[in-house]
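Q: Sending over start-v3.txt (compact mmCIF, C-alpha atoms).
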```txt
# COMPACT_ATOMS: atom_id res chain seq x y z
CA MET A 880 34.95 12.81 -12.34
CA ARG A 881 38.24 12.75 -14.22
CA VAL A 882 38.10 11.39 -17.77
CA MET A 883 41.13 9.39 -19.03
CA GLN A 884 40.84 7.94 -22.51
CA ASN A 885 42.81 4.77 -23.22
CA GLN A 886 45.35 5.27 -26.03
CA SER A 887 46.36 1.62 -26.54
CA PRO A 888 46.16 0.45 -30.18
CA GLY A 889 44.19 -2.51 -31.46
CA PRO A 890 40.74 -3.32 -32.77
CA ASN A 891 39.25 -3.80 -29.24
CA PRO A 892 40.41 -0.86 -27.17
CA THR A 893 39.97 -0.93 -23.41
CA PRO A 894 36.92 1.08 -22.28
CA SER A 895 37.66 4.52 -20.94
CA VAL A 896 38.19 4.94 -17.24
CA SER A 897 35.20 7.29 -17.15
CA TRP A 898 32.89 4.57 -18.53
CA VAL A 899 34.20 2.04 -15.98
CA ASP A 900 33.81 4.54 -13.15
CA GLN A 901 30.28 5.43 -14.24
CA SER A 902 29.34 1.75 -14.41
CA LEU A 903 30.71 1.21 -10.91
CA VAL A 904 28.85 4.24 -9.56
CA SER A 905 25.60 2.99 -11.11
CA ALA A 906 26.09 -0.46 -9.63
CA MET A 907 26.83 0.96 -6.20
CA ARG A 908 23.73 3.15 -6.38
CA GLU A 909 21.60 0.16 -7.42
CA ARG A 910 22.93 -1.73 -4.41
CA GLY A 911 22.09 1.25 -2.18
CA LEU A 912 18.55 1.46 -3.57
CA SER A 913 18.06 -2.27 -3.02
CA ARG A 914 19.14 -1.97 0.62
CA LEU A 915 16.84 1.00 1.04
CA LEU A 916 13.90 -0.95 -0.37
CA VAL A 917 14.61 -3.90 1.93
CA ALA A 918 14.61 -1.52 4.93
CA TYR A 919 11.22 -0.05 4.00
CA VAL A 920 9.68 -3.45 3.26
CA SER A 921 11.11 -4.99 6.44
CA ALA A 922 9.64 -2.18 8.54
CA GLY A 923 6.33 -2.65 6.74
CA LEU A 924 6.35 -6.38 7.47
CA VAL A 925 6.95 -5.73 11.18
CA PHE A 926 4.04 -3.27 11.27
CA MET A 927 1.88 -5.74 9.34
CA VAL A 928 2.44 -8.70 11.67
CA PHE A 929 2.63 -7.10 15.13
CA PRO A 930 0.98 -3.66 15.56
CA GLY A 931 -1.31 -4.42 12.65
CA THR A 932 -2.56 -8.00 12.53
CA TRP A 933 -1.85 -9.11 16.10
CA ILE A 934 -3.66 -6.14 17.60
CA GLY A 935 -6.47 -6.65 15.12
CA VAL A 936 -6.86 -10.27 16.24
CA TRP A 937 -6.79 -9.16 19.89
CA ASN A 938 -9.50 -6.58 19.24
CA LEU A 939 -11.65 -9.14 17.48
CA PHE A 940 -11.44 -11.54 20.43
CA PHE A 941 -12.73 -8.75 22.69
CA ILE A 942 -15.58 -8.06 20.28
CA THR A 943 -16.46 -11.74 19.98
CA GLY A 944 -16.36 -12.32 23.73
CA ALA A 945 -18.77 -9.47 24.38
CA ARG A 946 -20.75 -10.08 21.17
CA SER A 947 -20.69 -6.36 20.57
CA ALA A 948 -18.93 -4.30 17.91
CA ASP A 949 -18.20 -1.63 20.54
CA ALA A 950 -16.44 -3.95 22.99
CA ALA A 951 -12.87 -3.20 21.83
CA TYR A 952 -11.27 0.03 23.01
CA THR A 953 -11.57 2.51 20.15
CA GLY A 954 -8.01 3.76 20.67
CA TRP A 955 -6.70 0.24 20.04
CA VAL A 956 -8.82 -0.10 16.90
CA GLN A 957 -7.55 3.22 15.54
CA ALA A 958 -3.92 2.39 16.42
CA HIS A 959 -4.33 -0.94 14.62
CA GLY A 960 -5.77 0.77 11.54
CA HIS A 961 -3.01 3.40 11.44
CA ALA A 962 -0.34 0.70 11.65
CA GLN A 963 -1.95 -1.27 8.84
CA VAL A 964 -2.60 1.60 6.42
CA PHE A 965 0.48 3.75 6.96
CA GLY A 966 2.90 1.41 8.77
CA TRP A 967 2.49 -1.58 6.48
CA ILE A 968 1.16 -0.59 3.07
CA GLY A 969 2.41 2.99 3.36
CA SER A 970 5.96 1.78 4.04
CA PHE A 971 5.76 -0.56 1.04
CA ILE A 972 4.56 2.27 -1.21
CA LEU A 973 7.28 4.66 -0.04
CA GLY A 974 9.98 2.03 -0.55
CA ILE A 975 8.74 1.09 -4.02
CA GLY A 976 8.33 4.77 -4.85
CA PHE A 977 11.91 5.62 -3.89
CA TYR A 978 13.19 2.66 -5.91
CA SER A 979 11.06 2.81 -9.04
CA ILE A 980 9.46 6.22 -9.69
CA PRO A 981 12.70 8.12 -10.53
CA LYS A 982 13.68 5.25 -12.85
CA LEU A 983 10.32 5.03 -14.57
CA ARG A 984 10.19 8.80 -15.11
CA ARG A 985 13.94 9.09 -15.85
CA LEU A 986 14.45 11.70 -13.13
CA PRO A 987 17.81 12.84 -11.78
CA TRP A 988 19.36 10.87 -8.94
CA PHE A 989 18.39 11.93 -5.44
CA PRO A 990 20.65 11.64 -2.35
CA LEU A 991 20.11 8.28 -0.68
CA SER A 992 20.72 9.95 2.68
CA MET A 993 17.44 11.83 2.23
CA ALA A 994 15.58 8.55 1.73
CA TRP A 995 17.16 7.09 4.89
CA ILE A 996 16.17 10.15 6.92
CA CYS A 997 12.66 9.72 5.53
CA TRP A 998 12.70 6.07 6.68
CA ILE A 999 13.74 7.07 10.20
CA LEU A 1000 11.07 9.77 10.47
CA TRP A 1001 8.33 7.59 8.98
CA THR A 1002 9.07 4.49 11.03
CA THR A 1003 9.52 6.38 14.30
CA GLY A 1004 6.36 8.39 13.68
CA ILE A 1005 4.28 5.25 13.06
CA LEU A 1006 5.69 3.61 16.20
CA LEU A 1007 4.91 6.66 18.34
CA ARG A 1008 1.38 6.86 16.92
CA TRP A 1009 0.74 3.20 17.62
CA ALA A 1010 2.24 3.23 21.12
CA SER A 1011 0.52 6.44 22.24
CA GLY A 1012 -2.82 5.17 20.95
CA LEU A 1013 -2.34 1.82 22.69
CA TRP A 1014 -1.01 2.89 26.09
CA THR A 1015 -2.01 6.61 26.11
CA TRP A 1016 1.25 7.51 27.88
CA ASN A 1017 2.10 11.18 27.21
CA TRP A 1018 -0.24 11.07 24.24
CA ARG A 1019 -0.67 14.85 24.21
CA LEU A 1020 3.00 15.11 23.27
CA PHE A 1021 3.62 11.95 21.27
CA GLN A 1022 0.59 11.93 18.98
CA PRO A 1023 1.20 15.40 17.49
CA LEU A 1024 4.93 14.64 17.35
CA SER A 1025 4.28 11.38 15.48
CA ALA A 1026 1.96 13.15 13.02
CA LEU A 1027 4.57 15.86 12.44
CA MET A 1028 7.27 13.24 11.80
CA GLU A 1029 5.08 11.40 9.30
CA LEU A 1030 4.30 14.64 7.46
CA GLY A 1031 8.02 15.53 7.44
CA ALA A 1032 8.82 12.11 5.98
CA PHE A 1033 6.28 12.71 3.21
CA VAL A 1034 7.91 16.06 2.35
CA LEU A 1035 11.29 14.33 1.98
CA PHE A 1036 9.72 11.58 -0.13
CA PHE A 1037 8.01 14.08 -2.41
CA ARG A 1038 11.17 16.13 -2.89
CA SER A 1039 13.13 12.98 -3.74
CA VAL A 1040 10.83 11.34 -6.29
CA SER A 1041 9.57 14.51 -7.97
CA GLY A 1042 11.72 16.23 -10.53
CA TYR A 1043 11.77 18.39 -13.60
CA HIS A 1044 12.15 17.11 -17.14
CA SER A 1045 13.78 18.98 -19.90
CA SER A 1046 11.64 21.44 -21.82
CA GLN A 1047 11.08 18.89 -24.57
CA GLU A 1048 10.00 16.21 -22.07
CA GLY A 1049 7.82 18.71 -20.27
CA ARG A 1050 5.68 19.13 -23.39
CA ARG A 1051 4.93 15.44 -23.60
CA LYS A 1052 1.63 14.05 -22.38
CA ILE A 1053 1.73 12.86 -18.79
CA GLU A 1054 1.18 9.10 -18.67
CA ILE A 1055 -2.02 7.92 -17.02
CA TRP A 1056 -0.20 5.89 -14.38
CA VAL A 1057 1.62 9.06 -13.33
CA CYS A 1058 -1.74 10.83 -12.97
CA ALA A 1059 -2.91 8.05 -10.66
CA VAL A 1060 0.24 8.22 -8.56
CA ILE A 1061 -0.10 12.02 -8.34
CA ALA A 1062 -3.70 11.59 -7.13
CA GLY A 1063 -2.54 9.06 -4.53
CA THR A 1064 0.25 11.39 -3.42
CA ILE A 1065 -2.25 14.20 -2.88
CA GLY A 1066 -4.42 11.77 -0.92
CA LEU A 1067 -1.46 10.82 1.26
CA LEU A 1068 -0.65 14.48 1.92
CA LEU A 1069 -4.27 15.22 2.81
CA SER A 1070 -4.42 12.19 5.13
CA LEU A 1071 -1.28 13.24 6.97
CA ALA A 1072 -2.43 16.87 7.23
CA LEU A 1073 -5.83 15.83 8.64
CA ASN A 1074 -4.10 13.49 11.07
CA LEU A 1075 -1.77 16.26 12.27
CA GLY A 1076 -4.58 18.78 12.67
CA GLN A 1077 -6.73 16.37 14.69
CA THR A 1078 -3.89 15.24 16.97
CA VAL A 1079 -3.03 18.87 17.73
CA ARG A 1080 -6.68 19.66 18.45
CA LEU A 1081 -7.02 16.70 20.81
CA ALA A 1082 -3.73 17.51 22.53
CA LEU A 1083 -4.94 21.05 23.26
CA ALA A 1084 -8.57 20.41 24.16
CA GLY A 1085 -9.34 16.67 24.08
CA HIS A 1086 -9.83 14.18 26.89
CA SER A 1087 -8.31 11.15 25.14
CA PRO A 1088 -6.27 10.33 22.02
CA VAL A 1089 -9.30 8.73 20.34
CA PHE A 1090 -10.45 10.45 17.14
CA PRO A 1091 -14.19 11.32 17.09
CA HIS A 1092 -16.25 8.85 15.06
CA ALA A 1093 -17.39 11.37 12.43
CA PHE A 1094 -13.84 12.55 11.80
CA ASP A 1095 -12.48 9.00 11.78
CA GLN A 1096 -15.01 7.97 9.12
CA ARG A 1097 -13.83 10.78 6.86
CA LEU A 1098 -10.16 10.08 7.51
CA LEU A 1099 -10.64 6.40 6.64
CA VAL A 1100 -12.09 7.30 3.24
CA VAL A 1101 -9.25 9.72 2.49
CA SER A 1102 -6.48 7.34 3.60
CA THR A 1103 -7.89 4.30 1.74
CA TRP A 1104 -9.80 5.52 -1.32
CA GLY A 1105 -7.89 8.79 -1.58
CA PHE A 1106 -4.35 7.50 -0.91
CA LEU A 1107 -3.98 3.74 -1.34
CA VAL A 1108 -6.46 2.96 -4.12
CA PRO A 1109 -5.04 5.48 -6.67
CA PHE A 1110 -1.51 4.26 -5.96
CA VAL A 1111 -2.57 0.66 -6.68
CA TRP A 1112 -4.33 1.80 -9.86
CA GLY A 1113 -1.20 3.64 -10.94
CA PHE A 1114 1.14 0.69 -10.50
CA SER A 1115 -1.50 -1.63 -12.00
CA SER A 1116 -1.62 0.62 -15.06
CA ARG A 1117 2.17 0.57 -15.33
CA TRP A 1118 2.85 -3.13 -14.64
CA MET A 1119 -0.25 -5.27 -15.23
CA PRO A 1120 -0.34 -5.01 -19.06
CA THR A 1121 3.14 -6.57 -19.10
CA PHE A 1122 2.71 -9.01 -16.21
CA LEU A 1123 -0.70 -10.30 -17.32
CA GLY A 1124 -0.35 -9.90 -21.11
CA LEU A 1125 -3.35 -7.58 -21.31
CA ARG A 1126 -4.69 -5.56 -24.21
CA PRO A 1127 -3.84 -1.84 -24.26
CA GLN A 1128 -5.67 -0.11 -21.43
CA ARG A 1129 -8.42 2.44 -21.93
CA GLU A 1130 -6.64 5.51 -20.65
CA SER A 1131 -9.60 7.88 -20.94
CA VAL A 1132 -11.74 5.50 -18.87
CA LEU A 1133 -9.05 5.21 -16.20
CA LEU A 1134 -8.89 9.00 -16.06
CA ALA A 1135 -12.67 9.05 -15.59
CA ALA A 1136 -12.27 6.49 -12.79
CA LEU A 1137 -9.79 8.81 -11.07
CA VAL A 1138 -12.18 11.75 -11.40
CA LEU A 1139 -15.04 9.72 -9.92
CA ASN A 1140 -12.81 8.48 -7.12
CA ILE A 1141 -11.62 12.00 -6.25
CA SER A 1142 -15.23 13.22 -6.30
CA GLY A 1143 -16.17 10.43 -3.90
CA VAL A 1144 -13.39 11.35 -1.49
CA ILE A 1145 -14.35 15.04 -1.55
CA ALA A 1146 -18.01 14.13 -0.96
CA ALA A 1147 -17.05 11.98 2.03
CA LEU A 1148 -15.10 14.89 3.52
CA ALA A 1149 -18.27 16.96 3.22
CA GLY A 1150 -20.28 14.22 4.93
CA TRP A 1151 -22.27 13.20 1.83
CA PHE A 1152 -21.59 9.48 2.23
CA LEU A 1153 -24.36 8.19 -0.04
CA PHE A 1154 -23.21 10.34 -2.96
CA SER A 1155 -19.61 9.49 -2.08
CA SER A 1156 -20.23 5.75 -2.13
CA GLY A 1157 -21.92 6.02 -5.53
CA CYS A 1158 -18.91 7.85 -6.98
CA LEU A 1159 -16.50 5.32 -5.47
CA LEU A 1160 -18.51 2.42 -6.88
CA GLY A 1161 -18.54 4.03 -10.32
CA GLY A 1162 -14.80 4.67 -10.14
CA ALA A 1163 -14.05 1.09 -9.08
CA ALA A 1164 -16.11 -0.33 -11.96
CA ALA A 1165 -14.49 2.07 -14.42
CA SER A 1166 -10.99 1.05 -13.25
CA VAL A 1167 -11.68 -2.63 -13.95
CA PHE A 1168 -13.04 -1.79 -17.39
CA ALA A 1169 -10.12 0.54 -18.12
CA LEU A 1170 -7.42 -1.92 -17.15
CA ARG A 1171 -9.09 -4.80 -19.08
CA LEU A 1172 -8.28 -7.15 -16.21
CA TRP A 1173 -11.14 -9.53 -16.86
CA GLU A 1174 -10.80 -9.58 -20.63
CA THR A 1175 -9.00 -12.29 -22.58
CA PRO A 1176 -5.25 -11.51 -22.60
CA VAL A 1177 -3.35 -11.27 -25.86
CA ARG A 1178 -0.10 -12.73 -24.51
CA PRO A 1179 0.75 -15.36 -21.91
CA PRO A 1180 1.26 -13.85 -18.44
CA LYS A 1181 4.76 -13.53 -17.02
CA VAL A 1182 4.70 -15.98 -14.10
CA ARG A 1183 8.32 -17.07 -14.10
CA GLY A 1184 9.56 -17.10 -10.51
CA VAL A 1185 6.08 -16.75 -8.99
CA HIS A 1186 3.10 -19.07 -8.59
CA ALA A 1187 1.02 -19.66 -11.69
CA SER A 1188 -2.07 -18.37 -9.84
CA PHE A 1189 -0.62 -14.83 -9.78
CA PRO A 1190 -2.89 -13.47 -12.59
CA SER A 1191 -5.99 -15.04 -11.01
CA PHE A 1192 -5.38 -13.41 -7.63
CA VAL A 1193 -4.86 -10.00 -9.24
CA ARG A 1194 -8.27 -10.36 -10.87
CA ILE A 1195 -9.77 -11.59 -7.59
CA ALA A 1196 -8.37 -8.50 -5.87
CA TYR A 1197 -10.28 -6.21 -8.20
CA GLY A 1198 -13.40 -8.27 -7.51
CA TRP A 1199 -12.91 -7.41 -3.83
CA LEU A 1200 -12.62 -3.74 -4.82
CA LEU A 1201 -16.03 -3.85 -6.49
CA LEU A 1202 -17.54 -5.69 -3.52
CA ALA A 1203 -16.08 -3.16 -1.08
CA ALA A 1204 -17.60 -0.28 -3.04
CA LEU A 1205 -20.95 -2.06 -3.31
CA LEU A 1206 -21.05 -2.80 0.43
CA GLY A 1207 -20.11 0.82 1.10
CA THR A 1208 -23.12 1.94 -0.92
CA CYS A 1209 -25.39 -0.41 1.05
CA ALA A 1210 -23.91 0.82 4.33
CA ALA A 1211 -24.48 4.44 3.37
CA LYS A 1212 -28.15 3.65 2.71
CA THR A 1213 -28.79 1.51 5.81
CA GLY A 1214 -26.22 2.84 8.29
CA GLY A 1215 -25.36 -0.70 9.38
CA ALA A 1216 -22.11 -0.89 11.37
CA GLY A 1217 -21.51 -4.45 10.23
CA ILE A 1218 -21.85 -3.53 6.57
CA TRP A 1219 -19.48 -0.58 7.02
CA GLY A 1220 -16.95 -2.87 8.66
CA ALA A 1221 -17.33 -5.52 5.97
CA SER A 1222 -16.82 -2.88 3.28
CA ARG A 1223 -13.60 -1.64 4.89
CA HIS A 1224 -12.32 -5.19 5.35
CA ALA A 1225 -13.11 -6.11 1.74
CA LEU A 1226 -11.14 -3.04 0.65
CA THR A 1227 -8.12 -3.24 2.97
CA VAL A 1228 -7.68 -7.02 3.12
CA GLY A 1229 -9.52 -8.28 0.05
CA PHE A 1230 -8.28 -5.68 -2.45
CA LEU A 1231 -5.20 -3.96 -1.04
CA SER A 1232 -3.64 -6.91 0.80
CA THR A 1233 -4.26 -9.32 -2.08
CA MET A 1234 -2.60 -6.88 -4.47
CA VAL A 1235 0.35 -6.44 -2.10
CA PHE A 1236 0.73 -10.20 -1.62
CA SER A 1237 0.49 -10.80 -5.40
CA VAL A 1238 2.51 -7.94 -6.86
CA GLY A 1239 4.85 -7.72 -3.87
CA SER A 1240 5.90 -11.33 -4.32
CA ARG A 1241 6.48 -10.56 -7.99
CA VAL A 1242 8.54 -7.36 -7.78
CA LEU A 1243 10.04 -6.93 -4.29
CA PRO A 1244 12.59 -9.78 -4.40
CA ALA A 1245 13.64 -8.67 -7.90
CA PHE A 1246 13.99 -5.03 -6.82
CA SER A 1247 16.08 -6.03 -3.82
CA GLY A 1248 19.07 -7.11 -5.89
CA MET A 1249 17.50 -9.57 -8.39
CA ARG A 1250 16.79 -12.13 -5.70
CA PRO A 1251 14.40 -14.99 -6.49
CA LEU A 1252 11.24 -15.54 -4.45
CA PHE A 1253 11.99 -18.13 -1.78
CA SER A 1254 8.90 -20.27 -2.33
CA THR A 1255 6.09 -20.03 -4.87
CA ARG A 1256 4.07 -22.51 -2.79
CA MET A 1257 4.29 -20.20 0.20
CA MET A 1258 3.11 -17.37 -2.05
CA PHE A 1259 0.04 -19.38 -3.03
CA ALA A 1260 -0.62 -20.47 0.56
CA ALA A 1261 -0.48 -16.87 1.80
CA LEU A 1262 -2.88 -15.68 -0.90
CA ALA A 1263 -5.25 -18.62 -0.40
CA PHE A 1264 -5.38 -18.18 3.39
CA LEU A 1265 -5.79 -14.42 3.02
CA ASN A 1266 -8.78 -14.70 0.69
CA CYS A 1267 -10.40 -17.52 2.67
CA GLY A 1268 -10.05 -15.52 5.89
CA CYS A 1269 -11.32 -12.35 4.26
CA THR A 1270 -14.35 -14.14 2.80
CA LEU A 1271 -15.23 -15.57 6.20
CA ARG A 1272 -14.65 -12.22 7.92
CA VAL A 1273 -16.78 -10.18 5.52
CA LEU A 1274 -19.62 -12.70 5.67
CA THR A 1275 -19.64 -13.18 9.45
CA GLU A 1276 -19.19 -9.47 10.17
CA VAL A 1277 -22.40 -8.67 8.33
CA LEU A 1278 -24.29 -11.59 9.89
CA ALA A 1279 -23.02 -11.01 13.44
CA TYR A 1280 -22.91 -7.22 13.73
CA GLN A 1281 -26.31 -6.84 12.04
CA GLU A 1282 -27.72 -9.59 14.32
CA TYR A 1283 -28.79 -11.78 11.43
CA ALA A 1284 -27.16 -14.94 12.85
CA ARG A 1285 -25.73 -15.40 16.37
CA TRP A 1286 -23.59 -18.35 15.27
CA ALA A 1287 -21.54 -15.96 13.16
CA TRP A 1288 -19.92 -14.49 16.29
CA SER A 1289 -18.07 -17.76 16.89
CA TRP A 1290 -16.53 -17.69 13.42
CA LEU A 1291 -15.17 -14.14 13.59
CA PRO A 1292 -12.00 -15.09 15.53
CA VAL A 1293 -11.48 -18.05 13.16
CA SER A 1294 -11.34 -15.63 10.24
CA ALA A 1295 -8.79 -13.53 12.13
CA LEU A 1296 -6.56 -16.52 12.81
CA ILE A 1297 -6.68 -17.58 9.15
CA GLU A 1298 -5.65 -14.07 8.09
CA LEU A 1299 -2.89 -14.05 10.72
CA SER A 1300 -1.55 -17.28 9.19
CA ALA A 1301 -1.62 -15.62 5.77
CA VAL A 1302 0.36 -12.54 6.79
CA SER A 1303 2.85 -14.68 8.73
CA ILE A 1304 3.52 -16.88 5.68
CA PHE A 1305 3.85 -13.83 3.43
CA ALA A 1306 6.27 -12.11 5.82
CA LEU A 1307 8.35 -15.27 6.23
CA ASN A 1308 8.49 -15.85 2.48
CA LEU A 1309 9.69 -12.30 1.78
CA GLY A 1310 12.16 -12.42 4.66
CA LEU A 1311 13.69 -15.65 3.38
CA SER A 1312 13.78 -14.18 -0.13
CA PHE A 1313 15.75 -11.15 1.07
CA ALA A 1314 18.20 -13.50 2.79
CA ARG A 1315 19.01 -15.32 -0.47
CA ASP A 1316 21.92 -14.44 -2.72
CA PRO A 1317 21.13 -12.38 -5.83
CA VAL A 1318 20.78 -14.30 -9.11
CA VAL A 1319 22.97 -11.67 -10.80
CA PRO A 1320 25.38 -10.20 -8.25
CA LEU A 1321 25.77 -6.43 -8.48
CA ARG A 1322 29.17 -4.96 -9.26
CA GLY A 1323 30.94 -3.80 -6.17
CA ASN A 1324 29.41 -6.49 -3.91
```
Using the file provided, produce a representation of the structure as structure tokens.

A:
Amino acid sequence: MRVMQNQSPGPNPTPSVSWVDQSLVSAMRERGLSRLLVAYVSAGLVFMVFPGTWIGVWNLFFITGARSADAAYTGWVQAHGHAQVFGWIGSFILGIGFYSIPKLRRLPWFPLSMAWICWILWTTGILLRWASGLWTWNWRLFQPLSALMELGAFVLFFRSVSGYHSSQEGRRKIEIWVCAVIAGTIGLLLSLALNLGQTVRLALAGHSPVFPHAFDQRLLVVSTWGFLVPFVWGFSSRWMPTFLGLRPQRESVLLAALVLNISGVIAALAGWFLFSSGCLLGGAAASVFALRLWETPVRPPKVRGVHASFPSFVRIAYGWLLLAALLGTCAAKTGGAGIWGASRHALTVGFLSTMVFSVGSRVLPAFSGMRPLFSTRMMFAALAFLNCGCTLRVLTEVLAYQEYARWAWSWLPVSALIELSAVSIFALNLGLSFARDPVVPLRGN
């Protein structure tokens, strides 16, 4: 870029053209990143409401009508789970990663075109995976193709948000939140590689697109505890001390939590589910202790622009994490299908969804061009409905599936409808927030 210094006299000289140009370029890039984030989040919201929650509600009505956990077609259940984990939360994580990780680590700029290609591959791959699992049309072609597209999107994401520091920066200690994000990134890669390998195997020698139960159990642990949980720990480590006014975190304990969590994931891959569940429970407890979430804060929380209950729901989310790990340990001992299901629901809806609803309402409108959240009351309503529905679902799933109480079957669809209301309110609130004008318009708009 050409540099032209201003030669006009006076005590307040006009800034150089190069400085003005650089400022304009930075503003234009910020606008591009904001649009990119909105695209990823919008795709995630669509996957959350339709392939994710709607299909989940439909499956639950089948199960309730037959009063059997095996009543829903397994292919639909797996398509629903893939859309929720990778389509919804995965899209959110990729979008936030593209927007924030290079900034937080002060990495060189990456081409925005690469991030858009990643969005196309990721979104199309998730859609193909969901559709081929739901309707089984040409599944031998589309399932491996979808898995290959998702893995290709990950490669582009990794190349974009990874970078090399200078030699001086390279000697510095890696921050603990970066370690957690690295662990989650490895978990995502492993999940996508396992998914690709299984879809290819089924396409060559299988009779249906449904993953075998034993493999699906292992994949669920890798994609939730191995991928999503470390990512949430990483961003919690980076943001929660500021947002909640917490004391300095115990970094060595959080590192121990990551080690226990990784050990649990590896043990699950080997089929040692009891040992795995013990490691995951220990890691979950260590993460709460390390982050000091339930200790008295030293500063008032930053709740400007969000509902005042934001800190409480973050702490509730980590309570769900502990409950999910505890139920997983009980399920590994007893083998109860209802307890396994309750554990997964406590993790995916209680912990992960509550964190997304809480932190997402806090950061996503701001990242998308400094827009304010449309409604703090809608934020509270979404979180309240979500946790009420999750509580009812976890309780009734144990009681119904384990045949402890037949009346619990009638309440299962009620829990699903409450959760559907929650995700609909959350999606509407974010959508209306993205439609608002920025508080501080970006240069070049």

Q: Quick check, in Å to one decimal: how far apart do atom CA of Ala1093 of chain A and atom CA of Gly1150 of chain A lie?

A: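 Separation of atom CA of Ala1093 of chain A and atom CA of Gly1150 of chain A: 8.5 Å.
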
Q: Report, in Å with one decimal, the straight-line distance from atom CA of Gly1105 of chain A to atom CA of Val1235 of chain A.

A: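 Atom CA of Val1235 of chain A lies 17.3 Å from atom CA of Gly1105 of chain A.
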
Q: Between A:Phe1264, A:Tyr919, A:Trp1219, A:Phe971, which one has atoms that come closest to Leu1107 of chain A, using all atoms listed in the file?

A: A:Phe971

Q: Pick out the closest residue to Ala1204 of chain A from this set: A:Trp1118, A:Phe1259, A:Phe1236, A:Phe1152. Count all atoms listed in the file.

A: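 Closest to Ala1204 of chain A, using all atoms listed in the file: A:Phe1152.
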
Q: Considering all atoms listed in the file, give me a table of residues in segment 924-1039 of chain A that are at most 10 Å from segment 1062-1081 of chain A, with the closest atom pair and distance in Å for each, as JSON lines.

A:
```
{"residue": "A:Phe965", "atom": "CA", "partner": "A:Leu1067", "partner_atom": "CA", "distance": 9.3}
{"residue": "A:Gly969", "atom": "CA", "partner": "A:Leu1067", "partner_atom": "CA", "distance": 9.0}
{"residue": "A:Arg1008", "atom": "CA", "partner": "A:Thr1078", "partner_atom": "CA", "distance": 9.9}
{"residue": "A:Trp1018", "atom": "CA", "partner": "A:Thr1078", "partner_atom": "CA", "distance": 9.1}
{"residue": "A:Arg1019", "atom": "CA", "partner": "A:Leu1081", "partner_atom": "CA", "distance": 7.4}
{"residue": "A:Leu1020", "atom": "CA", "partner": "A:Val1079", "partner_atom": "CA", "distance": 9.0}
{"residue": "A:Phe1021", "atom": "CA", "partner": "A:Thr1078", "partner_atom": "CA", "distance": 9.3}
{"residue": "A:Gln1022", "atom": "CA", "partner": "A:Thr1078", "partner_atom": "CA", "distance": 5.9}
{"residue": "A:Pro1023", "atom": "CA", "partner": "A:Thr1078", "partner_atom": "CA", "distance": 5.1}
{"residue": "A:Leu1024", "atom": "CA", "partner": "A:Leu1075", "partner_atom": "CA", "distance": 8.6}
{"residue": "A:Ser1025", "atom": "CA", "partner": "A:Leu1075", "partner_atom": "CA", "distance": 8.4}
{"residue": "A:Ala1026", "atom": "CA", "partner": "A:Leu1075", "partner_atom": "CA", "distance": 4.9}
{"residue": "A:Leu1027", "atom": "CA", "partner": "A:Leu1075", "partner_atom": "CA", "distance": 6.4}
{"residue": "A:Met1028", "atom": "CA", "partner": "A:Leu1075", "partner_atom": "CA", "distance": 9.5}
{"residue": "A:Glu1029", "atom": "CA", "partner": "A:Leu1071", "partner_atom": "CA", "distance": 7.0}
{"residue": "A:Leu1030", "atom": "CA", "partner": "A:Leu1071", "partner_atom": "CA", "distance": 5.8}
{"residue": "A:Gly1031", "atom": "CA", "partner": "A:Leu1071", "partner_atom": "CA", "distance": 9.6}
{"residue": "A:Phe1033", "atom": "CA", "partner": "A:Leu1068", "partner_atom": "CA", "distance": 7.3}
{"residue": "A:Val1034", "atom": "CA", "partner": "A:Leu1068", "partner_atom": "CA", "distance": 8.7}
{"residue": "A:Phe1037", "atom": "CA", "partner": "A:Thr1064", "partner_atom": "CA", "distance": 8.3}
```

Q: Mind dumping the selected residues with C-alpha atoms as a compact mmCIF listing (two decimals), in the coordinates of the input?

A:
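Result file out_39.txt:
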```txt
# COMPACT_ATOMS: atom_id res chain seq x y z
CA PHE A 965 0.48 3.75 6.96
CA GLY A 969 2.41 2.99 3.36
CA ARG A 1008 1.38 6.86 16.92
CA TRP A 1018 -0.24 11.07 24.24
CA ARG A 1019 -0.67 14.85 24.21
CA LEU A 1020 3.00 15.11 23.27
CA PHE A 1021 3.62 11.95 21.27
CA GLN A 1022 0.59 11.93 18.98
CA PRO A 1023 1.20 15.40 17.49
CA LEU A 1024 4.93 14.64 17.35
CA SER A 1025 4.28 11.38 15.48
CA ALA A 1026 1.96 13.15 13.02
CA LEU A 1027 4.57 15.86 12.44
CA MET A 1028 7.27 13.24 11.80
CA GLU A 1029 5.08 11.40 9.30
CA LEU A 1030 4.30 14.64 7.46
CA GLY A 1031 8.02 15.53 7.44
CA PHE A 1033 6.28 12.71 3.21
CA VAL A 1034 7.91 16.06 2.35
CA PHE A 1037 8.01 14.08 -2.41
```

Q: For Gly1229 of chain A, list every protein, DNA or RNA residue within 12 Å, evaluated using only C-alpha atoms, and leave out those in the same chain fewer than 5 positions away; present the list as a PyMOL selection string.

A: chain A and resi 1192-1204+1221-1224+1234-1237+1262-1273+1298

Q: Which residues of segment 991-1066 of chain A come within 10 Å of segment 922-942 of chain A, and what is each one's closest atom pair and distance in Å (one decimal), counting only C-alpha atoms, sorted by chain and residue number, as a tab-separated table?

A:
```
residue	atom	partner	partner_atom	distance
A:Trp998	CA	A:Ala922	CA	9.0
A:Trp1001	CA	A:Ala922	CA	9.9
A:Thr1002	CA	A:Ala922	CA	7.1
A:Ile1005	CA	A:Phe926	CA	8.7
A:Leu1006	CA	A:Phe926	CA	8.6
A:Trp1009	CA	A:Pro930	CA	7.2
A:Ala1010	CA	A:Pro930	CA	8.9
A:Leu1013	CA	A:Ile934	CA	9.5
```
